[in-house]
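**Q** Got a structure for you, questions after.
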Amino acid sequence: MRLLLAEDDPMIGEGVRQGLRQDGFAVDWVQDGRAAELALAENVHDLLLLDLGLPRKEGLDVLRAMRRRGDVRPVLIVTARDALADRVAGLDAGADDYLVKPFELDELAARIRALLRRHAGRAAPVLVCGDIELDPATRQTRVRGLPVTLSAREFALLEALLARPGAILSRAQLEDKLYGWNEEVGSNAVEVHLHALRRKLGADAIRNVRGVGWMIDAKARAR
Amino acid sequence: MTPVRSIRRELVVWLAAGLLVAVAAAAIATYMRARAEANEIFDYQLRQMAASLTGVPLAGTPGGLTPGADALVVQVWDRNGVQIFLSQPQQPLPQYAQLGFNTVGTAAGEWRVFSTLAGGQVVQVAQPMSVRRELAASMALRTIVPLLVVAPLLALFVWFGVARGLRPLERVAAALGKRSPGVLEPLAEVGLPNEVRPLVHALNSLLGRLDRALGAQRAFIADAAHELRTPLTAVHLQAQLAERATTDAERRTALVLLRAGLTRATHLVEQLLTLAREEPGVAERSFAPVNLVELSRSIVGDHAAIAAARGVDLGIAGDHADSATDATPVVVNGDAAGLRALLSNLVDNAVRYTPSGGRVDVTVKRDAGDAILAVRDSGPGIPASEQGRVFDRFYRVPAPGATDVSGSGLGLAIVKRIAERHDAHITLGPGLAGPSGEGLGVTLRFPAAGA
């Protein structure tokens with residue numbers, strides 16, 4: 001899952017980015033409101049982490065403009081403003097959740113997972129498709145109840161595919177889910193990870209539609 | 001020692017005293033007047049009496065006349081001066097007569113005497129003066145007795161009247177007493193007597209000023225709390241990352257960042273304290289002569305290491321650039337600690353915002369008697385549109401691409417506060433033109449009067 005982080009403080013931005021990466025998210029970080037809007041326009045992020053006191057364009061203005069455009073991606077406000085009025089204003093402007101600084105990285109990650117889950121229309125925390133189970137919180141994958149060890153990229157790849165079972169994701173889309181900006185993406189990196197995934201889950205688990213992309217087969221019987 | 005003062009008691013005492021003086025004056029006046037009238041009447045009576053006695057054959061035997069109600073004494077002498085009649089021999093009256101009215105002193109007090117010559121006889125009628133005095137005194141007494149009876153009643157009225165008049169004061173006191181410390185709304189000024197209104201008005205004006213001061217404090221605390229959260233969040237994050245670190249390298253990186261976060265939080269707290277100390281009325285420190293040249297050298301020295309580390313050429317320019325010569329001191333009257341904080345903040349800001357390879361100059365000079373202290377840098381400068389806001393607390397000039405915003409946002413607010421305390425005038429202007437912009441020059445002009 002790829003997140004957009006809008007945070008003007010360099011120390012906090014760096015810390016959040018690092019922490020969320022450890023939790024398996026790809027994180028792009030912008031330091032002002034305008035840059036956030038430009039990044040949102042790319043339409044590659046699954047969720048926006050928004051600080052309110054942003055230079056150049058206020059966080060709330062970014063949020064309102066986003067909702068006016070019909071952008072329904074989840075937005076989690078992360079701010080030092082804890083007054084009731086601020087929280088109400090933030091949520092009423094279209095935010096999905098509100099987290100006050102300072103916060104625990106684990107809580108931030110859990111809230112992000114919850115928002116992504118709800119946005120995908122699921123209530124259960126574990127992604128299940130056929131024999132494959134994936135728990136984003138514990139980062140565990142099971143096939144027919146047996147744990148399978150996946151690398152961070154493999155996990156992210158499987159998570160992206162499981163999030164929309166039956167949908168075909170192109171290589172570019174998968175790359176977007178896996179890598180943030182400034183990350184070197186090898187020309188066949190996605191194929192390498194997919195190959196490894198198929199080896200671990202079974203060749204049938206992920207189906208390739210030539211020239212279009214990859215999908216997880218809802219009726220797939222792994223191995 | 002001063003007894004507890006009560007307006008009510010004081011008013012009653014003064015009114016009672018005034019009343020007593022008035023009663024006494026009335027008594028004395030009545031007495032005087034009554035005596036004067038009594039004198040006239042009794043003198044007339046004496047004359048009538050004497051006239052009625054002339055030609056009356058009075059036998060030599062005394063006692064022919066009984067002592068009258070008016071205690072008149074009659075004496076008659078023949079032309080040879082032989083007393084032929086004395087109505088009351090027991091009265092010690094002079095045995096001679098002087099014609100007309102006379103007041104004579106005897107062993108039994110003063111007497112009023114009238115003598116007349118008629119029909120070869122001298123008739124003398126005498127009366128003790130005490131009769132007149134008693135009459136006057138009784139008249140005076142009749143005048144003051146009603147007044148004395150009314151006096152306590154009057155005091156009672158005053159006592160209750162004053163209490164009634166002072167009731168608005170009690171209401172104001174009760175209204176104030178019931179207030180919680182946070183409620184600083186003005187008291188109602190309508191329906192108050194003229195005497196109380198100025199007091200309530202002054203109180204309201206004080207409450208208004210307190211409310212504004214308290215509001216400013218609250219805003220400051222809210223701002224400060226918000227601003228403190230940011231470095232604390234950074235520290236918190238780095239601590240969590242250090243905990244999560246699986247390798248020594250990761251842990252070391254996190255700890256370095258953790259330390260940087262702590263340094264930043266500490267800096268912010270120190271700046272907040274400096275600003276709090278500069279709050280008006282917190283501590284009035286005494287002013288003493290401060291040599292700005294020495295101060296500049298000391299502060300440039302303090303910042304030399306950090307400037308060098310950032311690749312910024314920091315130094316003193318102008319007349320005092322040559323450290324070999326003992327330059328003429330530029331002395332202002334000021335608070336040494338405050339001026340140190342002021343210049344330190346200016347130099348710190350300049351070094352912080354000037355990119356590597358840039359230059360920061362501190363200049364001290366005299367201009368038309370005024371002392372001038374200036375810090376110029378070759379940084380990006382402050383756009384004119386932002387110059388009005390840079391002295392606001394926690395305002396940071398949006399610097400696109402800036403990677404180091406470890407500034408507290410308080411530096412210029414502190415500078416402004418200290419400059420105001422020294423009546424110094426601050427101007428922002430271009431500094432040293434450099435590749436990143438026209439730079440920033442902050443100039444402080446200390447008026448000659450303060451030198």
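Just so we're on the same page: first chain in the structure tokens is A, next is B, and so on; residues restart at 1 for each chain, and ligands are numbered from 1 in the order they show up.
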Return as an MDAnalysis selection string the full set of residues in chain A whose backbone-based DSSP assignment is strand (DSSP E).
**A** chainID A and resid 2:6 26:30 47:50 75:79 97:100 127:129 132:135 140:143 146:148 206:209 213:216
**Q** DSSP says helix (DSSP H, G or I) for which residues of segment 201-362 of chain B? Put them as a PyMOL selection string?
**A** chain B and resi 201-244+248-277+292-309+318-320+336-353
**Q** Could you write out that same residue set with C-alpha atoms as an mmCIF file, in the first residue's frame?
**A**
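Resulting contents of part.cif:
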```
data_model
loop_
_atom_site.group_PDB
_atom_site.id
_atom_site.type_symbol
_atom_site.label_atom_id
_atom_site.label_comp_id
_atom_site.auth_asym_id
_atom_site.auth_seq_id
_atom_site.Cartn_x
_atom_site.Cartn_y
_atom_site.Cartn_z
ATOM 1 C CA HIS B 201 -15.594 52.307 36.023
ATOM 2 C CA ALA B 202 -11.957 52.147 37.099
ATOM 3 C CA LEU B 203 -12.485 48.543 38.174
ATOM 4 C CA ASN B 204 -13.979 47.683 34.787
ATOM 5 C CA SER B 205 -11.088 49.284 33.003
ATOM 6 C CA LEU B 206 -8.683 47.234 35.119
ATOM 7 C CA LEU B 207 -10.726 44.092 34.451
ATOM 8 C CA GLY B 208 -10.574 44.837 30.739
ATOM 9 C CA ARG B 209 -6.815 45.196 30.798
ATOM 10 C CA LEU B 210 -6.488 42.037 32.872
ATOM 11 C CA ASP B 211 -8.733 40.193 30.445
ATOM 12 C CA ARG B 212 -6.594 41.230 27.508
ATOM 13 C CA ALA B 213 -3.377 40.326 29.318
ATOM 14 C CA LEU B 214 -4.837 36.984 30.349
ATOM 15 C CA GLY B 215 -6.071 36.359 26.823
ATOM 16 C CA ALA B 216 -2.610 37.063 25.456
ATOM 17 C CA GLN B 217 -1.136 34.687 28.024
ATOM 18 C CA ARG B 218 -3.644 31.978 27.161
ATOM 19 C CA ALA B 219 -2.916 32.364 23.460
ATOM 20 C CA PHE B 220 0.789 32.210 24.204
ATOM 21 C CA ILE B 221 0.420 29.050 26.265
ATOM 22 C CA ALA B 222 -1.763 27.425 23.607
ATOM 23 C CA ASP B 223 0.773 28.350 20.939
ATOM 24 C CA ALA B 224 3.634 27.164 23.094
ATOM 25 C CA ALA B 225 1.935 23.841 23.828
ATOM 26 C CA HIS B 226 1.283 23.339 20.144
ATOM 27 C CA GLU B 227 4.828 24.245 19.207
ATOM 28 C CA LEU B 228 6.292 22.005 21.899
ATOM 29 C CA ARG B 229 4.340 19.066 20.535
ATOM 30 C CA THR B 230 6.213 19.145 17.254
ATOM 31 C CA PRO B 231 9.744 18.497 18.562
ATOM 32 C CA LEU B 232 8.305 16.119 21.152
ATOM 33 C CA THR B 233 6.583 14.152 18.389
ATOM 34 C CA ALA B 234 9.872 13.960 16.535
ATOM 35 C CA VAL B 235 11.652 12.721 19.668
ATOM 36 C CA HIS B 236 8.870 10.244 20.303
ATOM 37 C CA LEU B 237 9.126 8.882 16.765
ATOM 38 C CA GLN B 238 12.872 8.514 16.884
ATOM 39 C CA ALA B 239 12.638 6.749 20.243
ATOM 40 C CA GLN B 240 10.151 4.280 18.742
ATOM 41 C CA LEU B 241 12.381 3.773 15.725
ATOM 42 C CA ALA B 242 15.334 3.159 18.052
ATOM 43 C CA GLU B 243 13.273 0.553 19.894
ATOM 44 C CA ARG B 244 12.303 -1.142 16.662
ATOM 45 C CA ASP B 248 23.220 -1.456 15.420
ATOM 46 C CA ALA B 249 23.482 0.920 12.472
ATOM 47 C CA GLU B 250 19.738 1.565 12.498
ATOM 48 C CA ARG B 251 19.779 2.081 16.232
ATOM 49 C CA ARG B 252 22.691 4.488 15.998
ATOM 50 C CA THR B 253 20.972 6.540 13.299
ATOM 51 C CA ALA B 254 17.793 6.694 15.363
ATOM 52 C CA LEU B 255 19.719 7.761 18.460
ATOM 53 C CA VAL B 256 21.526 10.513 16.572
ATOM 54 C CA LEU B 257 18.174 11.808 15.345
ATOM 55 C CA LEU B 258 16.737 11.386 18.827
ATOM 56 C CA ARG B 259 19.493 13.578 20.201
ATOM 57 C CA ALA B 260 18.872 16.161 17.476
ATOM 58 C CA GLY B 261 15.198 16.184 18.418
ATOM 59 C CA LEU B 262 16.061 16.706 22.069
ATOM 60 C CA THR B 263 18.418 19.546 21.180
ATOM 61 C CA ARG B 264 15.626 21.151 19.231
ATOM 62 C CA ALA B 265 13.067 20.707 22.013
ATOM 63 C CA THR B 266 15.563 22.137 24.491
ATOM 64 C CA HIS B 267 16.222 25.113 22.251
ATOM 65 C CA LEU B 268 12.497 25.782 21.954
ATOM 66 C CA VAL B 269 12.018 25.594 25.724
ATOM 67 C CA GLU B 270 14.928 27.988 26.241
ATOM 68 C CA GLN B 271 13.499 30.416 23.718
ATOM 69 C CA LEU B 272 10.100 30.207 25.397
ATOM 70 C CA LEU B 273 11.709 30.967 28.745
ATOM 71 C CA THR B 274 13.590 33.910 27.272
ATOM 72 C CA LEU B 275 10.378 35.262 25.846
ATOM 73 C CA ALA B 276 8.533 34.695 29.128
ATOM 74 C CA ARG B 277 11.259 36.597 30.969
ATOM 75 C CA LEU B 292 27.777 47.056 22.053
ATOM 76 C CA VAL B 293 31.217 46.524 20.505
ATOM 77 C CA GLU B 294 32.275 44.185 23.276
ATOM 78 C CA LEU B 295 28.889 42.453 23.212
ATOM 79 C CA SER B 296 29.115 41.886 19.450
ATOM 80 C CA ARG B 297 32.618 40.440 19.700
ATOM 81 C CA SER B 298 31.548 38.114 22.469
ATOM 82 C CA ILE B 299 28.474 36.855 20.579
ATOM 83 C CA VAL B 300 30.279 36.474 17.275
ATOM 84 C CA GLY B 301 32.820 34.419 19.209
ATOM 85 C CA ASP B 302 30.051 32.245 20.669
ATOM 86 C CA HIS B 303 28.618 31.504 17.221
ATOM 87 C CA ALA B 304 31.925 31.142 15.397
ATOM 88 C CA ALA B 305 32.080 27.368 15.692
ATOM 89 C CA ILE B 306 28.551 26.699 14.446
ATOM 90 C CA ALA B 307 28.972 29.231 11.621
ATOM 91 C CA ALA B 308 32.181 27.534 10.549
ATOM 92 C CA ALA B 309 30.478 24.149 10.649
ATOM 93 C CA GLY B 318 32.621 48.303 9.699
ATOM 94 C CA ASP B 319 34.597 50.531 12.060
ATOM 95 C CA HIS B 320 35.281 47.742 14.511
ATOM 96 C CA ALA B 336 22.984 43.372 29.466
ATOM 97 C CA ALA B 337 21.284 39.955 29.548
ATOM 98 C CA GLY B 338 18.437 41.160 27.349
ATOM 99 C CA LEU B 339 20.758 42.723 24.769
ATOM 100 C CA ARG B 340 22.823 39.566 24.740
ATOM 101 C CA ALA B 341 19.694 37.490 24.026
ATOM 102 C CA LEU B 342 18.682 39.976 21.337
ATOM 103 C CA LEU B 343 21.960 39.930 19.429
ATOM 104 C CA SER B 344 22.414 36.217 19.966
ATOM 105 C CA ASN B 345 19.032 35.563 18.351
ATOM 106 C CA LEU B 346 19.809 37.809 15.397
ATOM 107 C CA VAL B 347 23.170 36.166 14.763
ATOM 108 C CA ASP B 348 21.689 32.703 15.276
ATOM 109 C CA ASN B 349 18.923 33.416 12.751
ATOM 110 C CA ALA B 350 21.375 34.857 10.223
ATOM 111 C CA VAL B 351 23.696 31.861 10.485
ATOM 112 C CA ARG B 352 20.772 29.443 10.357
ATOM 113 C CA TYR B 353 19.215 30.854 7.195
#
```
**Q** I'd like the contact shell of segment 112-116 of chain B - 7 Å cut-off, only C-alpha atoms, skipping same-chain residues fewer than 3 positions apart - returned as a PyMOL selection string.
**A** chain B and resi 46-47+50+97-104+122-129
**Q** With N, CA and C atoms retained, could you export that selection as a PDB file, in the first residue's frame?
**A**
```pdb
ATOM      1  N   LEU B  46     -38.285  99.267  85.926  1.00  0.00           N
ATOM      2  CA  LEU B  46     -37.677 100.008  87.045  1.00  0.00           C
ATOM      3  C   LEU B  46     -38.088 101.476  86.979  1.00  0.00           C
ATOM      4  N   ARG B  47     -38.018 102.015  85.753  1.00  0.00           N
ATOM      5  CA  ARG B  47     -38.357 103.423  85.588  1.00  0.00           C
ATOM      6  C   ARG B  47     -39.822 103.677  85.963  1.00  0.00           C
ATOM      7  N   ALA B  50     -40.237 103.551  89.694  1.00  0.00           N
ATOM      8  CA  ALA B  50     -39.714 104.753  90.344  1.00  0.00           C
ATOM      9  C   ALA B  50     -40.703 105.899  90.161  1.00  0.00           C
ATOM     10  N   ALA B  97     -27.127 107.363  96.100  1.00  0.00           N
ATOM     11  CA  ALA B  97     -27.824 107.255  94.825  1.00  0.00           C
ATOM     12  C   ALA B  97     -27.120 108.087  93.779  1.00  0.00           C
ATOM     13  N   GLN B  98     -27.056 107.533  92.663  1.00  0.00           N
ATOM     14  CA  GLN B  98     -26.550 108.264  91.507  1.00  0.00           C
ATOM     15  C   GLN B  98     -27.719 108.284  90.543  1.00  0.00           C
ATOM     16  N   LEU B  99     -28.087 109.408  90.060  1.00  0.00           N
ATOM     17  CA  LEU B  99     -29.292 109.490  89.260  1.00  0.00           C
ATOM     18  C   LEU B  99     -29.125 108.709  87.949  1.00  0.00           C
ATOM     19  N   GLY B 100     -30.267 108.143  87.485  1.00  0.00           N
ATOM     20  CA  GLY B 100     -30.227 107.363  86.229  1.00  0.00           C
ATOM     21  C   GLY B 100     -29.982 105.887  86.491  1.00  0.00           C
ATOM     22  N   PHE B 101     -29.648 105.164  85.436  1.00  0.00           N
ATOM     23  CA  PHE B 101     -29.432 103.717  85.570  1.00  0.00           C
ATOM     24  C   PHE B 101     -27.999 103.436  85.961  1.00  0.00           C
ATOM     25  N   ASN B 102     -27.858 102.455  86.782  1.00  0.00           N
ATOM     26  CA  ASN B 102     -26.518 102.040  87.205  1.00  0.00           C
ATOM     27  C   ASN B 102     -26.502 100.551  87.467  1.00  0.00           C
ATOM     28  N   THR B 103     -25.364  99.973  87.237  1.00  0.00           N
ATOM     29  CA  THR B 103     -25.201  98.573  87.626  1.00  0.00           C
ATOM     30  C   THR B 103     -24.137  98.560  88.702  1.00  0.00           C
ATOM     31  N   VAL B 104     -24.542  98.067  89.875  1.00  0.00           N
ATOM     32  CA  VAL B 104     -23.579  98.092  90.976  1.00  0.00           C
ATOM     33  C   VAL B 104     -23.297  96.679  91.455  1.00  0.00           C
ATOM     34  N   VAL B 122     -35.244 111.494  96.691  1.00  0.00           N
ATOM     35  CA  VAL B 122     -34.559 110.629  95.720  1.00  0.00           C
ATOM     36  C   VAL B 122     -35.145 109.222  95.861  1.00  0.00           C
ATOM     37  N   VAL B 123     -35.739 108.795  94.781  1.00  0.00           N
ATOM     38  CA  VAL B 123     -36.324 107.446  94.822  1.00  0.00           C
ATOM     39  C   VAL B 123     -35.403 106.513  94.013  1.00  0.00           C
ATOM     40  N   GLN B 124     -35.096 105.449  94.676  1.00  0.00           N
ATOM     41  CA  GLN B 124     -34.214 104.485  94.003  1.00  0.00           C
ATOM     42  C   GLN B 124     -34.887 103.115  93.983  1.00  0.00           C
ATOM     43  N   VAL B 125     -34.904 102.508  92.773  1.00  0.00           N
ATOM     44  CA  VAL B 125     -35.464 101.150  92.654  1.00  0.00           C
ATOM     45  C   VAL B 125     -34.313 100.232  92.169  1.00  0.00           C
ATOM     46  N   ALA B 126     -34.171  99.153  92.834  1.00  0.00           N
ATOM     47  CA  ALA B 126     -33.054  98.246  92.474  1.00  0.00           C
ATOM     48  C   ALA B 126     -33.568  96.818  92.276  1.00  0.00           C
ATOM     49  N   GLN B 127     -32.868  96.153  91.507  1.00  0.00           N
ATOM     50  CA  GLN B 127     -33.271  94.756  91.189  1.00  0.00           C
ATOM     51  C   GLN B 127     -32.002  93.937  90.931  1.00  0.00           C
ATOM     52  N   PRO B 128     -31.915  92.725  91.409  1.00  0.00           N
ATOM     53  CA  PRO B 128     -30.696  91.928  91.146  1.00  0.00           C
ATOM     54  C   PRO B 128     -30.624  91.521  89.649  1.00  0.00           C
ATOM     55  N   MET B 129     -29.414  91.594  89.129  1.00  0.00           N
ATOM     56  CA  MET B 129     -29.221  91.204  87.721  1.00  0.00           C
ATOM     57  C   MET B 129     -29.529  89.734  87.504  1.00  0.00           C
TER      58      MET B 129
END
```
**Q** Near chain B, which residues of chain A fall within 8 Å when you count only C-alpha atoms, and what do they look like as a ChimeraX atom specification?
**A** /A:9-12,15-16,18-19,55-56,80-81,101-105
**Q** Pick from A:Met66, A:Gln22, A:Leu194, A:Glu14: nearest to Asp106 of chain A, with only C-alpha atoms counted?
**A** A:Gln22
**Q** Counting only C-alpha atoms, figure out which residue out of B:Gln88, B:Asn333, B:Gln83, B:Ser436 gets nearest to Pro289 of chain B.
**A**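 The shortest atom-to-atom distance to Pro289 of chain B comes from B:Asn333.
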**Q** Would you mind listing what lies within 8 Å of segment 132-145 of chain A as an NGL selection string, with only C-alpha atoms counted and same-chain residues fewer than 2 positions away left out?
**A** :A and (110 or 113 or 125-130 or 147-150 or 155 or 159 or 201 or 222)
**Q** Please provide the set of residues having any atom within 10 Å of segment 176-193 of chain A, restricted to only C-alpha atoms, with same-chain residues fewer than 3 positions apart removed, written as an mmCIF file with C-alpha atoms, in the first residue's frame.
**A**
```
data_model
loop_
_atom_site.group_PDB
_atom_site.id
_atom_site.type_symbol
_atom_site.label_atom_id
_atom_site.label_comp_id
_atom_site.auth_asym_id
_atom_site.auth_seq_id
_atom_site.Cartn_x
_atom_site.Cartn_y
_atom_site.Cartn_z
ATOM 1 C CA MET A 1 0.000 0.000 0.000
ATOM 2 C CA ARG A 2 1.367 3.388 -0.933
ATOM 3 C CA LEU A 3 0.778 6.376 1.295
ATOM 4 C CA LEU A 4 1.223 10.090 0.790
ATOM 5 C CA ARG A 21 8.208 1.642 5.769
ATOM 6 C CA GLY A 24 5.428 -2.466 4.958
ATOM 7 C CA PHE A 25 3.997 0.708 3.486
ATOM 8 C CA ALA A 26 5.498 2.621 0.603
ATOM 9 C CA VAL A 27 5.566 6.246 1.734
ATOM 10 C CA ASP A 28 5.942 9.420 -0.309
ATOM 11 C CA TRP A 29 6.610 12.519 1.676
ATOM 12 C CA ASN A 43 -3.568 9.213 -8.247
ATOM 13 C CA VAL A 44 -1.167 6.489 -7.115
ATOM 14 C CA HIS A 45 -1.570 6.767 -3.359
ATOM 15 C CA ASP A 46 -4.041 4.749 -1.362
ATOM 16 C CA LEU A 150 7.263 -13.615 2.446
ATOM 17 C CA SER A 151 9.669 -10.761 1.951
ATOM 18 C CA ALA A 152 8.397 -7.202 2.481
ATOM 19 C CA ARG A 153 7.981 -6.608 -1.265
ATOM 20 C CA GLU A 154 6.312 -9.941 -1.837
ATOM 21 C CA PHE A 155 3.959 -9.228 0.999
ATOM 22 C CA ALA A 156 3.113 -5.780 -0.383
ATOM 23 C CA LEU A 157 2.551 -7.263 -3.817
ATOM 24 C CA LEU A 158 0.218 -9.946 -2.497
ATOM 25 C CA GLU A 159 -1.606 -7.393 -0.357
ATOM 26 C CA ALA A 160 -2.207 -5.163 -3.379
ATOM 27 C CA LEU A 161 -3.542 -8.070 -5.388
ATOM 28 C CA SER A 170 -0.742 -3.584 -14.488
ATOM 29 C CA ARG A 171 2.968 -3.647 -13.835
ATOM 30 C CA ALA A 172 2.961 0.138 -13.519
ATOM 31 C CA GLN A 173 0.146 -0.045 -10.960
ATOM 32 C CA ALA A 196 8.899 -15.704 -5.970
ATOM 33 C CA LEU A 197 5.291 -15.337 -4.815
ATOM 34 C CA ARG A 198 4.078 -17.980 -7.237
ATOM 35 C CA ARG A 199 6.785 -20.274 -6.056
#
```
**Q** Figure out the distance between atom CA of Pro165 of chain A and atom CA of Arg73 of chain A, please, to one decimal in Å.
**A**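 Calculated distance between atom CA of Arg73 of chain A and atom CA of Pro165 of chain A is 18.8 Å.
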